Structure formats: structure tokens, C-alpha cells
$ cat structure_36.pdb   # PDB, C-alpha atoms
MODEL        1
ATOM      1  CA  MET A 996      58.790  72.244  49.563
ATOM      2  CA  GLU A 997      58.566  72.414  45.793
ATOM      3  CA  PHE A 998      61.282  71.902  43.222
ATOM      4  CA  TYR A 999      61.283  73.581  39.815
ATOM      5  CA  ASP A1000      63.080  72.762  36.586
ATOM      6  CA  VAL A1001      64.526  76.167  35.728
ATOM      7  CA  SER A1002      66.557  75.064  32.708
ATOM      8  CA  ASP A1003      64.367  77.087  30.302
ATOM      9  CA  TRP A1004      63.911  80.162  32.537
ATOM     10  CA  LEU A1005      65.407  83.531  31.569
ATOM     11  CA  VAL A1006      68.484  84.577  33.568
ATOM     12  CA  THR A1007      68.597  88.334  34.177
ATOM     13  CA  SER A1008      71.227  90.692  35.535
ATOM     14  CA  VAL A1009      71.955  90.936  39.263
ATOM     15  CA  SER A1010      74.285  93.918  39.067
ATOM     16  CA  SER A1011      72.466  95.861  41.796
ATOM     17  CA  THR A1012      72.892  93.244  44.519
ATOM     18  CA  LYS A1013      75.568  93.399  47.167
ATOM     19  CA  GLY A1014      77.417  90.715  49.062
ATOM     20  CA  THR A1015      79.948  88.038  48.387
ATOM     21  CA  ARG A1016      77.797  85.067  47.399
ATOM     22  CA  ASP A1017      76.896  84.093  43.845
ATOM     23  CA  LYS A1018      73.343  85.041  42.867
ATOM     24  CA  LEU A1019      70.903  84.514  40.009
ATOM     25  CA  VAL A1020      67.676  86.264  39.104
ATOM     26  CA  LEU A1021      65.420  84.012  37.054
ATOM     27  CA  ILE A1022      62.110  84.765  35.353
ATOM     28  CA  LYS A1023      59.541  81.979  35.009
ATOM     29  CA  PRO A1024      58.351  82.006  31.357
ATOM     30  CA  GLN A1025      54.726  81.019  31.968
ATOM     31  CA  THR A1026      53.973  83.675  34.599
ATOM     32  CA  GLU A1027      56.913  86.117  34.392
ATOM     33  CA  ASP A1028      57.350  85.693  38.169
ATOM     34  CA  THR A1029      60.830  86.682  39.326
ATOM     35  CA  TYR A1030      62.922  84.404  41.545
ATOM     36  CA  PHE A1031      66.087  85.514  43.345
ATOM     37  CA  LEU A1032      68.533  82.718  44.119
ATOM     38  CA  LYS A1033      71.514  82.995  46.444
ATOM     39  CA  PHE A1034      73.949  80.137  46.664
ATOM     40  CA  PRO A1035      75.531  78.983  49.938
ATOM     41  CA  MET A1036      79.071  80.175  50.498
ATOM     42  CA  ILE A1037      81.510  77.461  51.413
ATOM     43  CA  ARG A1038      84.895  78.420  52.773
ATOM     44  CA  GLU A1039      87.445  76.133  54.339
ATOM     45  CA  LYS A1040      87.819  77.779  57.756
ATOM     46  CA  ARG A1041      84.371  79.275  58.347
ATOM     47  CA  ASP A1042      80.973  77.764  59.079
ATOM     48  CA  TYR A1043      78.194  79.611  57.234
ATOM     49  CA  THR A1044      75.493  77.101  58.253
ATOM     50  CA  PRO A1045      73.622  79.468  60.651
ATOM     51  CA  GLU A1046      73.513  82.208  58.005
ATOM     52  CA  ASN A1047      72.248  79.805  55.356
ATOM     53  CA  TRP A1048      69.471  78.435  57.583
ATOM     54  CA  SER A1049      68.353  81.906  58.695
ATOM     55  CA  GLU A1050      67.881  82.872  55.046
ATOM     56  CA  ILE A1051      65.990  79.663  54.286
ATOM     57  CA  LEU A1052      63.623  80.337  57.174
ATOM     58  CA  ALA A1053      63.172  83.982  56.235
ATOM     59  CA  GLY A1054      62.383  83.037  52.662
ATOM     60  CA  SER A1055      59.691  80.584  53.696
ATOM     61  CA  ALA A1056      57.997  82.809  56.290
ATOM     62  CA  ASP A1057      54.410  83.863  55.598
ATOM     63  CA  LEU A1058      54.479  87.651  55.864
ATOM     64  CA  SER A1059      51.053  88.231  54.301
ATOM     65  CA  GLY A1060      49.749  89.864  57.482
ATOM     66  CA  TRP A1061      52.866  91.994  58.083
ATOM     67  CA  GLN A1062      52.385  95.747  58.018
TER      68      GLN A1062
ENDMDL
END

$ encode --input "structure_36.pdb" --output "C-alpha cells"
Amino acid sequence: MEFYDVSDWLVTSVSSTKGTRDKLVLIKPQTEDTYFLKFPMIREKRDYTPENWSEILAGSADLSGWQ
């Protein structure tokens, strides 16, 4: 796992996304790579842990051979 300091990255609009969680689209200045960040939803009477972990796993899957 890698961690990035994104304090100087450009924040762009996420108006076309759907859902209830807060999101950010960031652009890395050196490469202009785009990163989409979704933040975990925390509500008092609901456990979102399985949803959060499924998205973490999906985001780290190597799909280079997928067709």
C-alpha cells in the first residue's frame, strides 16, 4: 500500500457521480493522473463495513488481463 501527500493536487468537480457518500476527484500535478476518492459513510444505526471492504478490494484488483 502506498500513501500520497495530496495537499497540492488539483481538486476537480464530481458533479456526474451518484450515491450518498462524499467524493473527491484529484489530479496529480506531475503526471496529470486522475484519482477518484470515496469516503466511508458512517451512520449510527447501520454497519457499512462490508461495503467499504468490497470497494477496497475491487480498487486493488489487477484487472490487466480482463476482457

$ closest_residue --input "structure_36.pdb" --among "A:Lys1018, A:Lys1023, A:Asp1028, A:Ala1056" --to "Tyr999 (chain A)" --atoms "all atoms listed in the file"
A:Lys1023

$ resolve_selection --input "structure_36.pdb" --expression "the PyMOL selection byres ((chain A and resi 1001-1003) around 10)" --output "VMD selection string"
chain A and resid 998 to 1000 1004 to 1006 1021 to 1024

$ residues_near_point --input "structure_36.pdb" --point "(83.2, 89.4, 52.2)" --cutoff "12 Å" --atoms "all atoms listed in the file" --output "NGL selection string"
:A and (1013-1017 or 1036 or 1038 or 1041)

$ atom_distance --input "structure_36.pdb" --atom1 "CA of Thr1026 (chain A)" --atom2 "CA of Trp1048 (chain A)"
28.2 Å

$ closest_residue --input "structure_36.pdb" --among "A:Ile1037, A:Met996, A:Ser1008, A:Glu1027" --to "Ile1051 (chain A)" --atoms "only C-alpha atoms"
A:Met996

$ atom_distance --input "structure_36.pdb" --atom1 "CA of Thr1007 (chain A)" --atom2 "CA of Pro1035 (chain A)"
19.6 Å

$ atom_distance --input "structure_36.pdb" --atom1 "CA of Gly1054 (chain A)" --atom2 "CA of Thr1029 (chain A)"
13.9 Å

$ axis_aligned_box --input "structure_36.pdb" --around "region 1025-1033 of chain A" --padding-each-side "4 Å" --output "lines of an AutoDock Vina configuration file"
center_x = 62.7
center_y = 83.9
center_z = 39.2
size_x = 25.5
size_y = 13.7
size_z = 22.5
